[in-house]
file input.cif (mmCIF, C-alpha atoms)
data_protein
loop_
_atom_site.label_atom_id
_atom_site.label_comp_id
_atom_site.auth_asym_id
_atom_site.auth_seq_id
_atom_site.Cartn_x
_atom_site.Cartn_y
_atom_site.Cartn_z
CA MET A 1 -34.00 -68.00 -10.19
CA ALA A 2 -33.98 -67.24 -13.95
CA TRP A 3 -31.18 -65.32 -15.56
CA PRO A 4 -32.22 -62.42 -17.79
CA GLN A 5 -32.58 -63.76 -21.33
CA SER A 6 -30.06 -61.42 -22.92
CA ILE A 7 -27.46 -62.59 -20.45
CA ARG A 8 -28.39 -66.24 -20.72
CA THR A 9 -28.23 -66.36 -24.49
CA LYS A 10 -25.66 -63.81 -25.51
CA ARG A 11 -23.08 -63.53 -22.80
CA PRO A 12 -22.48 -66.90 -21.11
CA VAL A 13 -19.41 -65.49 -19.39
CA ASN A 14 -21.86 -63.53 -17.24
CA PHE A 15 -22.64 -66.68 -15.28
CA LEU A 16 -19.29 -65.96 -13.65
CA LEU A 17 -19.57 -62.20 -13.77
CA ILE A 18 -22.89 -62.03 -11.90
CA PRO A 19 -21.56 -63.57 -8.66
CA LEU A 20 -18.29 -61.70 -9.06
CA MET A 21 -20.14 -58.41 -9.54
CA ASN A 22 -22.32 -58.96 -6.50
CA LEU A 23 -19.44 -60.10 -4.33
CA THR A 24 -17.22 -57.15 -5.22
CA ALA A 25 -19.27 -54.23 -6.54
CA LEU A 26 -21.99 -54.38 -3.88
CA PRO A 27 -19.62 -54.30 -0.88
CA LEU A 28 -17.53 -51.63 -2.60
CA MET A 29 -20.62 -49.50 -3.16
CA LEU A 30 -21.61 -49.81 0.49
CA LEU A 31 -18.06 -48.92 1.52
CA TRP A 32 -18.01 -45.96 -0.88
CA THR A 33 -21.31 -44.73 0.58
CA ALA A 34 -20.00 -45.03 4.12
CA VAL A 35 -16.77 -43.23 3.18
CA GLY A 36 -18.78 -40.50 1.46
CA ILE A 37 -20.99 -39.93 4.48
CA PHE A 38 -17.97 -39.92 6.78
CA LEU A 39 -15.95 -37.47 4.66
CA PHE A 40 -18.80 -35.18 3.71
CA PRO A 41 -18.65 -32.78 6.70
CA ALA A 42 -14.91 -32.17 6.30
CA LEU A 43 -15.13 -31.76 2.50
CA PHE A 44 -18.14 -29.49 2.87
CA PHE A 45 -16.28 -27.31 5.38
CA ILE A 46 -13.18 -27.10 3.17
CA LEU A 47 -15.17 -26.15 0.07
CA LYS A 48 -17.33 -23.71 2.00
CA THR A 49 -14.29 -21.85 3.30
CA THR A 50 -12.21 -21.97 0.11
CA THR A 51 -14.81 -21.38 -2.63
CA ARG A 52 -17.71 -19.04 -3.30
CA TRP A 53 -20.15 -21.89 -3.85
CA ASP A 54 -23.26 -21.92 -1.71
CA ALA A 55 -24.26 -24.94 0.38
CA GLU A 56 -26.50 -26.38 -2.34
CA GLN A 57 -23.81 -26.15 -5.01
CA ILE A 58 -21.19 -27.72 -2.74
CA THR A 59 -23.50 -30.60 -1.87
CA ARG A 60 -24.45 -31.14 -5.52
CA ARG A 61 -20.77 -31.23 -6.50
CA LEU A 62 -19.99 -33.78 -3.78
CA ILE A 63 -22.99 -35.89 -4.82
CA TRP A 64 -21.76 -35.76 -8.41
CA VAL A 65 -18.32 -37.01 -7.29
CA TYR A 66 -20.06 -39.74 -5.27
CA GLY A 67 -22.02 -40.73 -8.40
CA ARG A 68 -18.80 -40.87 -10.41
CA GLY A 69 -17.37 -43.19 -7.77
CA TRP A 70 -20.39 -45.47 -8.14
CA LEU A 71 -19.86 -45.58 -11.88
CA ALA A 72 -16.14 -46.32 -11.47
CA ILE A 73 -17.02 -49.29 -9.28
CA MET A 74 -19.46 -50.51 -11.94
CA LEU A 75 -17.17 -49.95 -14.91
CA PRO A 76 -15.62 -53.44 -14.90
CA PHE A 77 -19.08 -54.98 -15.17
CA ILE A 78 -21.15 -52.52 -17.17
CA ARG A 79 -20.40 -51.30 -20.67
CA PHE A 80 -21.52 -47.70 -20.82
CA GLU A 81 -22.26 -45.92 -24.07
CA LEU A 82 -22.93 -42.19 -24.18
CA ILE A 83 -24.55 -40.57 -27.18
CA GLY A 84 -24.92 -36.83 -27.60
CA ILE A 85 -23.79 -36.00 -24.07
CA LYS A 86 -21.97 -32.82 -25.01
CA GLN A 87 -21.39 -29.79 -22.83
CA ASP A 88 -22.60 -27.25 -25.40
CA LYS A 89 -25.79 -29.20 -26.15
CA ILE A 90 -27.00 -29.89 -22.64
CA LYS A 91 -25.51 -26.98 -20.76
CA PRO A 92 -27.65 -25.59 -17.88
CA PRO A 93 -29.89 -23.81 -17.23
CA CYS A 94 -32.20 -26.45 -18.60
CA ILE A 95 -34.58 -29.20 -17.60
CA TYR A 96 -33.48 -32.79 -18.14
CA VAL A 97 -36.27 -35.32 -18.56
CA ALA A 98 -35.32 -38.98 -18.51
CA ASN A 99 -37.17 -42.26 -18.79
CA HIS A 100 -37.02 -44.32 -15.62
CA LEU A 101 -36.12 -48.00 -15.60
CA SER A 102 -34.15 -48.61 -12.44
CA PHE A 103 -32.90 -47.21 -9.16
CA PHE A 104 -29.54 -47.26 -10.93
CA ASP A 105 -30.68 -44.50 -13.37
CA ILE A 106 -29.93 -41.78 -10.87
CA TYR A 107 -26.27 -42.83 -10.54
CA CYS A 108 -25.84 -42.94 -14.31
CA LEU A 109 -26.61 -39.24 -14.41
CA ALA A 110 -23.16 -38.61 -12.97
CA PHE A 111 -22.14 -38.92 -16.62
CA LEU A 112 -23.73 -35.53 -17.26
CA PRO A 113 -21.01 -32.95 -17.73
CA THR A 114 -22.48 -30.72 -15.04
CA PHE A 115 -22.72 -31.21 -11.31
CA ASN A 116 -25.22 -28.42 -10.73
CA VAL A 117 -28.38 -30.51 -10.99
CA SER A 118 -31.34 -30.53 -8.63
CA ILE A 119 -33.54 -33.57 -8.87
CA ALA A 120 -37.34 -33.32 -8.69
CA ILE A 121 -38.65 -36.64 -7.46
CA ARG A 122 -41.38 -38.34 -5.49
CA ASN A 123 -41.29 -38.80 -1.77
CA TRP A 124 -39.85 -42.28 -1.34
CA PRO A 125 -36.15 -41.50 -1.98
CA PHE A 126 -36.41 -38.87 0.77
CA LYS A 127 -37.21 -41.74 3.14
CA MET A 128 -33.73 -43.25 2.69
CA TYR A 129 -32.29 -41.82 5.87
CA TRP A 130 -28.68 -42.23 4.73
CA TYR A 131 -29.31 -40.09 1.64
CA ALA A 132 -32.09 -37.75 2.82
CA PRO A 133 -29.93 -35.11 4.60
CA PHE A 134 -27.78 -34.69 1.48
CA MET A 135 -30.83 -34.51 -0.77
CA HIS A 136 -32.25 -31.73 1.37
CA MET A 137 -28.90 -29.91 1.47
CA ALA A 138 -28.63 -30.16 -2.33
CA GLY A 139 -32.05 -28.59 -2.73
CA TYR A 140 -33.69 -31.63 -4.31
CA ILE A 141 -37.42 -31.10 -4.72
CA ASN A 142 -40.05 -33.46 -3.37
CA VAL A 143 -42.87 -33.20 -5.91
CA GLU A 144 -45.29 -35.70 -4.40
CA ASN A 145 -48.63 -34.30 -3.28
CA LYS A 146 -47.33 -30.74 -3.51
CA LYS A 147 -49.16 -27.72 -4.85
CA TRP A 148 -47.70 -26.37 -8.06
CA GLU A 149 -46.51 -23.17 -6.31
CA GLU A 150 -44.52 -25.25 -3.83
CA ILE A 151 -42.70 -26.95 -6.71
CA PHE A 152 -42.39 -23.95 -9.00
CA GLU A 153 -40.66 -21.60 -6.56
CA PRO A 154 -37.60 -23.76 -5.72
CA ALA A 155 -37.42 -25.12 -9.29
CA ALA A 156 -37.41 -21.65 -10.84
CA ARG A 157 -34.74 -20.60 -8.34
CA VAL A 158 -32.47 -23.46 -9.47
CA LEU A 159 -32.83 -22.38 -13.10
CA SER A 160 -32.33 -18.68 -12.38
CA ASN A 161 -29.12 -19.57 -10.51
CA GLY A 162 -27.78 -21.29 -13.63
CA GLY A 163 -28.53 -24.85 -12.54
CA ALA A 164 -30.43 -27.69 -14.13
CA LEU A 165 -33.37 -29.76 -12.98
CA LEU A 166 -33.89 -33.43 -13.57
CA PHE A 167 -37.37 -34.93 -13.79
CA PHE A 168 -38.48 -38.49 -14.39
CA PRO A 169 -41.81 -37.55 -15.98
CA GLU A 170 -43.13 -41.09 -15.74
CA GLY A 171 -43.13 -40.75 -11.95
CA HIS A 172 -42.29 -44.43 -11.41
CA ARG A 173 -39.82 -46.95 -12.71
CA SER A 174 -41.22 -48.80 -15.69
CA ARG A 175 -42.00 -52.43 -14.88
CA ASN A 176 -41.99 -53.60 -18.50
CA GLY A 177 -39.32 -51.36 -20.02
CA GLU A 178 -41.92 -49.45 -22.03
CA LEU A 179 -42.34 -45.70 -21.72
CA GLN A 180 -45.24 -44.96 -19.35
CA ARG A 181 -47.53 -41.95 -19.26
CA PHE A 182 -45.82 -38.60 -18.67
CA TYR A 183 -46.81 -36.22 -15.90
CA SER A 184 -46.79 -32.52 -16.77
CA GLY A 185 -44.61 -30.85 -14.11
CA ALA A 186 -41.36 -30.58 -16.09
CA PHE A 187 -43.16 -29.25 -19.16
CA LYS A 188 -45.23 -26.70 -17.30
CA LEU A 189 -42.02 -25.49 -15.67
CA ALA A 190 -40.43 -25.13 -19.13
CA VAL A 191 -43.39 -23.06 -20.33
CA GLU A 192 -43.37 -20.82 -17.28
CA THR A 193 -39.61 -20.24 -17.15
CA GLY A 194 -38.70 -20.51 -20.87
CA ALA A 195 -36.04 -23.12 -20.03
CA LYS A 196 -35.23 -25.69 -22.70
CA ILE A 197 -36.04 -29.35 -22.19
CA VAL A 198 -33.23 -31.86 -22.77
CA PRO A 199 -34.66 -35.37 -23.26
CA LEU A 200 -32.42 -38.19 -22.00
CA CYS A 201 -33.08 -41.75 -23.13
CA ILE A 202 -31.75 -44.50 -20.89
CA LYS A 203 -31.50 -48.11 -21.96
CA GLY A 204 -30.18 -51.14 -20.12
CA THR A 205 -30.30 -50.10 -16.46
CA ASN A 206 -33.27 -52.42 -15.98
CA GLU A 207 -30.94 -55.30 -16.79
CA VAL A 208 -28.47 -54.12 -14.17
CA LEU A 209 -31.01 -53.63 -11.41
CA PRO A 210 -34.71 -53.92 -12.31
CA PRO A 211 -37.44 -52.91 -9.87
CA GLY A 212 -37.97 -55.58 -7.22
CA ARG A 213 -34.57 -57.24 -7.55
CA TRP A 214 -31.68 -56.73 -5.13
CA TRP A 215 -28.77 -58.28 -6.98
CA LEU A 216 -26.87 -56.77 -9.88
CA SER A 217 -26.29 -58.10 -13.39
CA PRO A 218 -23.69 -57.02 -15.93
CA ALA A 219 -25.20 -55.27 -18.93
CA LYS A 220 -24.71 -52.60 -21.51
CA VAL A 221 -26.16 -49.22 -20.53
CA THR A 222 -26.77 -46.53 -23.12
CA ILE A 223 -27.56 -42.92 -22.30
CA LYS A 224 -28.57 -40.73 -25.21
CA ALA A 225 -29.26 -36.99 -25.10
CA LEU A 226 -31.74 -35.91 -27.76
CA GLU A 227 -31.89 -32.46 -29.31
CA PRO A 228 -33.07 -29.89 -26.75
CA VAL A 229 -36.63 -28.62 -27.14
CA ASN A 230 -37.14 -24.92 -26.70
CA PRO A 231 -40.75 -24.16 -25.64
CA LYS A 232 -40.66 -20.99 -27.73
CA SER A 233 -39.95 -22.99 -30.89
CA LEU A 234 -43.26 -24.85 -30.77
CA ALA A 235 -46.45 -23.74 -32.48
CA ASP A 236 -48.16 -23.09 -29.17
CA SER A 237 -45.42 -22.10 -26.74
CA SER A 238 -47.93 -21.70 -23.92
CA SER A 239 -49.08 -25.31 -24.04
CA HIS A 240 -47.24 -27.64 -21.71
CA ARG A 241 -49.45 -30.43 -23.08
CA LEU A 242 -47.98 -29.89 -26.57
CA ILE A 243 -44.40 -29.86 -25.25
CA ARG A 244 -45.09 -32.98 -23.18
CA LYS A 245 -46.43 -34.83 -26.20
CA THR A 246 -43.63 -33.60 -28.48
CA VAL A 247 -40.90 -34.68 -26.07
CA LYS A 248 -42.55 -38.02 -25.37
CA ASN A 249 -42.82 -38.77 -29.09
CA MET A 250 -39.13 -37.94 -29.55
CA MET A 251 -38.17 -40.23 -26.67
CA ARG A 252 -40.47 -43.04 -27.80
CA GLN A 253 -38.97 -42.95 -31.29
CA SER A 254 -35.41 -42.79 -30.01
CA LEU A 255 -35.91 -45.65 -27.53
CA ALA A 256 -37.42 -47.76 -30.30
CA GLU A 257 -34.32 -47.11 -32.43
CA MET A 258 -32.07 -47.93 -29.49
CA ALA A 259 -33.98 -51.18 -28.94
CA LEU A 260 -33.15 -52.23 -32.50
CA ASP A 261 -29.49 -52.31 -31.49
CA PRO A 262 -29.46 -55.34 -29.18
CA ALA A 263 -25.94 -56.29 -30.17
CA GLY A 264 -24.71 -53.04 -28.73
CA ASN A 265 -23.39 -51.53 -31.92
CA THR A 266 -22.33 -47.96 -31.41
CA ASP A 267 -23.69 -45.48 -33.92
CA VAL A 268 -21.70 -42.69 -35.49
CA ALA A 269 -22.33 -40.23 -32.70
CA GLY A 270 -21.80 -42.71 -29.90
CA SER A 271 -18.80 -43.10 -27.70
CA GLU A 272 -17.76 -45.68 -25.20
CA CYS A 273 -17.20 -44.02 -21.93
CA SER A 274 -14.41 -43.65 -19.47
CA LEU A 275 -14.50 -41.66 -16.30
CA MET B 276 -76.02 -36.47 -27.66
CA THR B 277 -77.22 -39.20 -25.33
CA ASP B 278 -75.90 -39.72 -21.80
CA ARG B 279 -74.17 -42.89 -23.00
CA GLU B 280 -72.41 -40.98 -25.79
CA ILE B 281 -71.35 -38.27 -23.35
CA ILE B 282 -69.87 -40.86 -21.00
CA GLU B 283 -68.05 -42.59 -23.84
CA LEU B 284 -66.61 -39.29 -25.08
CA ILE B 285 -65.47 -38.35 -21.58
CA ASP B 286 -63.80 -41.72 -21.02
CA LYS B 287 -62.16 -41.70 -24.45
CA SER B 288 -60.86 -38.13 -24.08
CA ILE B 289 -59.44 -38.73 -20.60
CA ALA B 290 -57.93 -42.10 -21.52
CA GLU B 291 -56.27 -40.57 -24.58
CA GLU B 292 -54.94 -37.51 -22.80
CA PHE B 293 -53.49 -39.36 -19.82
CA GLU B 294 -52.69 -42.60 -21.64
CA LEU B 295 -54.87 -44.64 -19.34
CA ASP B 296 -56.04 -48.18 -19.90
CA GLU B 297 -59.73 -48.08 -20.81
CA ALA B 298 -60.27 -51.00 -18.41
CA HIS B 299 -59.54 -48.57 -15.58
CA MET B 300 -62.19 -46.11 -16.73
CA LYS B 301 -64.87 -47.09 -14.25
CA PRO B 302 -67.33 -44.62 -12.71
CA GLU B 303 -66.15 -45.41 -9.19
CA ALA B 304 -62.47 -44.77 -10.10
CA LEU B 305 -60.97 -42.11 -7.83
CA LEU B 306 -59.08 -39.54 -9.91
CA PHE B 307 -56.07 -39.15 -7.62
CA ILE B 308 -55.79 -42.73 -6.43
CA ASP B 309 -57.11 -45.13 -9.04
CA LEU B 310 -56.30 -43.06 -12.12
CA GLU B 311 -53.14 -41.60 -10.49
CA LEU B 312 -53.81 -38.07 -11.69
CA ASP B 313 -52.03 -35.19 -9.97
CA SER B 314 -53.02 -31.58 -9.40
CA LEU B 315 -51.58 -30.46 -12.76
CA ASP B 316 -53.50 -33.22 -14.52
CA ILE B 317 -56.71 -31.79 -13.11
CA VAL B 318 -55.94 -28.50 -14.86
CA ASP B 319 -55.35 -30.45 -18.09
CA LEU B 320 -58.51 -32.44 -17.46
CA VAL B 321 -60.57 -29.26 -17.44
CA VAL B 322 -59.00 -28.20 -20.77
CA VAL B 323 -59.66 -31.63 -22.27
CA LEU B 324 -63.33 -31.55 -21.24
CA GLU B 325 -63.77 -27.98 -22.45
CA ASN B 326 -62.31 -28.90 -25.84
CA ALA B 327 -64.39 -32.07 -26.09
CA PHE B 328 -67.73 -30.42 -25.22
CA GLN B 329 -67.12 -26.83 -26.29
CA PHE B 330 -68.17 -25.17 -23.06
CA LYS B 331 -66.36 -23.45 -20.21
CA ILE B 332 -66.28 -25.26 -16.91
CA ARG B 333 -63.24 -23.83 -15.15
CA GLU B 334 -65.26 -21.23 -13.28
CA GLU B 335 -67.88 -23.66 -12.03
CA ASP B 336 -67.79 -24.08 -8.25
CA SER B 337 -69.11 -27.62 -8.42
CA ILE B 338 -65.94 -28.96 -10.08
CA GLN B 339 -64.28 -28.63 -6.67
CA GLU B 340 -66.44 -31.52 -5.46
CA ILE B 341 -65.42 -33.93 -8.20
CA ARG B 342 -63.62 -36.98 -6.81
CA THR B 343 -64.42 -39.84 -9.19
CA LEU B 344 -64.84 -40.45 -12.89
CA GLY B 345 -68.57 -40.90 -12.21
CA ASP B 346 -68.65 -37.39 -10.70
CA ILE B 347 -67.27 -36.08 -14.02
CA HIS B 348 -69.90 -38.01 -15.98
CA ARG B 349 -72.69 -36.53 -13.84
CA PHE B 350 -71.20 -33.03 -13.94
CA VAL B 351 -70.94 -32.95 -17.74
CA ILE B 352 -74.37 -34.53 -18.28
CA ASN B 353 -75.97 -31.96 -15.97
CA LYS B 354 -74.06 -29.13 -17.61
CA LYS B 355 -75.20 -30.24 -21.08
CA LYS B 356 -78.81 -30.39 -19.90
CA GLU B 357 -78.47 -26.95 -18.34
CA LEU B 358 -77.10 -25.51 -21.58
CA ASN B 359 -79.82 -27.19 -23.66
CA LYS B 360 -82.50 -25.52 -21.53
CA GLN B 361 -81.08 -22.05 -22.17
#
call {"tool": "encode", "arguments": {"input": "input.cif", "output": "structure tokens"}}
result
Amino acid sequence: MAWPQSIRTKRPVNFLLIPLMNLTALPLMLLWTAVGIFLFPALFFILKTTTRWDAEQITRRLIWVYGRGWLAIMLPFIRFELIGIKQDKIKPPCIYVANHLSFFDIYCLAFLPTFNVSIAIRNWPFKMYWYAPFMHMAGYINVENKKWEEIFEPAARVLSNGGALLFFPEGHRSRNGELQRFYSGAFKLAVETGAKIVPLCIKGTNEVLPPGRWWLSPAKVTIKALEPVNPKSLADSSSHRLIRKTVKNMMRQSLAEMALDPAGNTDVAGSECSL
Amino acid sequence: MTDREIIELIDKSIAEEFELDEAHMKPEALLFIDLELDSLDIVDLVVVLENAFQFKIREEDSIQEIRTLGDIHRFVINKKKELNKQ
């Protein structure tokens, strides 16, 4: 079994960290998931009776806390860097679009400063029976093989209630780390609702857990929020194709710049993260 | 414009719009399965073809029967011939 090159050549200490990570973080994550599932009904009941949040908001908040727990477990092994993740810049209602490298991407989004996010994704995550009930309760949207009206109605409702949506416009995890083609759903939604698009560039999660591998590796993960794109600011505000291409170009350029920083140097706007 | 030129323009326009590998642009390629287009892409596809050939096709009933890239080739070639006759 070959070690990832960046680990093999740059961080020899990871020969020890890889087994340590898999012997500690993996069991802890399973335990954390079991604890979360066990405690959910009681926490849901308490929040439902003591707050004015609806069921979707309560579930999203609990999922966000669960995601933060995941990240806390990973913190000894993964160096996280956040760039431009600021409340005023990426405040909902808005549509986050992120590149997709790994199953781990979804947990990294617990770094967003808002819990009120509904995720629009393909069908397969809904087949994970231990997560599916919570995904349904949180109002996550299954976009696979759906008519546009079936996606638009719940998505527009999330935005009108002050929430945010997250799309992975590539549809699949990238197998080679390169940005793949973008599907149009997120951008058509932006045109039809007027919501701004917040591009999120993720780097490094494919070293932690690439598609097709079941063990974890230590790595540096960078999450960068680019400047939001307001559909009304573009020359043709009715063209989701134009917005799609504009956002993809921004992300492609930013990811290329991020790739030039293999040593993990933090730029001026960057910050190492703590939970 | 010859049939060959029409086919090349169709393939080039679709490959560019949806960032597809030209090796996948075969007449038998199913739009939803082999080219992995979705329902929104079909709307974009109509716009792309209209821009490339400068005619309206969105109100044509026969576009409902298109399943493969070859169906698009035949549809556009027939439409061009129809327009040339008028």
call {"tool": "residues_around", "arguments": {"input": "input.cif", "residues": "range 316-326 of chain B", "least_positions_apart": "2", "cutoff": "8 Å", "atoms": "only C-alpha atoms", "output": "ChimeraX atom specification"}}
result
/A:183-184,241 /B:285,288-289,292,312-314,328-333
call {"tool": "resolve_selection", "arguments": {"input": "input.cif", "expression": "the PyMOL selection byres ((chain B and resi 352) around 12)", "output": "list in words"}}
result
Met276, Thr277, Asp278, Arg279, Glu280, Ile281, Ile282, Glu283, Leu284, Ile285, Leu324, Phe328, Gly345, Asp346, Ile347, His348, Arg349, Phe350, Val351, Asn353, Lys354, Lys355, Lys356, Glu357, Leu358 and Asn359 of chain B
call {"tool": "resolve_selection", "arguments": {"input": "input.cif", "expression": "the PyMOL selection byres ((chain B) within 7 of (chain A))", "output": "list in words"}}
result
Phe293, Glu294 and Leu315 of chain B
call {"tool": "residues_around", "arguments": {"input": "input.cif", "residues": "range 112-125 of chain A", "least_positions_apart": "6", "cutoff": "7 Å", "atoms": "all atoms listed in the file", "output": "NGL selection string"}}
result
:A and (57 or 60-61 or 64 or 85 or 87 or 138-144 or 163-167)
call {"tool": "atom_distance", "arguments": {"input": "input.cif", "atom1": "CA of Glu192 in chain A", "atom2": "CA of Val247 in chain A"}}
result
16.6 Å
call {"tool": "residues_around", "arguments": {"input": "input.cif", "residues": "range 224-233 of chain A", "least_positions_apart": "2", "cutoff": "8 Å", "atoms": "only C-alpha atoms", "output": "list in words"}}
result
Leu82, Ile83, Gly84, Ile85, Lys89, Ile90, Ala190, Val191, Gly194, Ala195, Lys196, Ile197, Val198, Pro199, Leu200, Cys201, Ile202, Thr222, Ala235, Asp236, Ser237, Ser238, Ile243, Val247, Met250 and Met251 of chain A
call {"tool": "write_last_selection", "arguments": {"input": "input.cif", "atoms": "C-alpha atoms", "output": "compact mmCIF listing (two decimals), in the frame of the given file"}}
result
# COMPACT_ATOMS: atom_id res chain seq x y z
CA LEU A 82 -22.93 -42.19 -24.18
CA ILE A 83 -24.55 -40.57 -27.18
CA GLY A 84 -24.92 -36.83 -27.60
CA ILE A 85 -23.79 -36.00 -24.07
CA LYS A 89 -25.79 -29.20 -26.15
CA ILE A 90 -27.00 -29.89 -22.64
CA ALA A 190 -40.43 -25.13 -19.13
CA VAL A 191 -43.39 -23.06 -20.33
CA GLY A 194 -38.70 -20.51 -20.87
CA ALA A 195 -36.04 -23.12 -20.03
CA LYS A 196 -35.23 -25.69 -22.70
CA ILE A 197 -36.04 -29.35 -22.19
CA VAL A 198 -33.23 -31.86 -22.77
CA PRO A 199 -34.66 -35.37 -23.26
CA LEU A 200 -32.42 -38.19 -22.00
CA CYS A 201 -33.08 -41.75 -23.13
CA ILE A 202 -31.75 -44.50 -20.89
CA THR A 222 -26.77 -46.53 -23.12
CA ALA A 235 -46.45 -23.74 -32.48
CA ASP A 236 -48.16 -23.09 -29.17
CA SER A 237 -45.42 -22.10 -26.74
CA SER A 238 -47.93 -21.70 -23.92
CA ILE A 243 -44.40 -29.86 -25.25
CA VAL A 247 -40.90 -34.68 -26.07
CA MET A 250 -39.13 -37.94 -29.55
CA MET A 251 -38.17 -40.23 -26.67
call {"tool": "residues_around", "arguments": {"input": "input.cif", "residues": "Tyr107 in chain A", "least_positions_apart": "6", "cutoff": "8 Å", "atoms": "all atoms listed in the file", "output": "list in words"}}
result
Gly67, Arg68, Trp70 and Leu71 of chain A
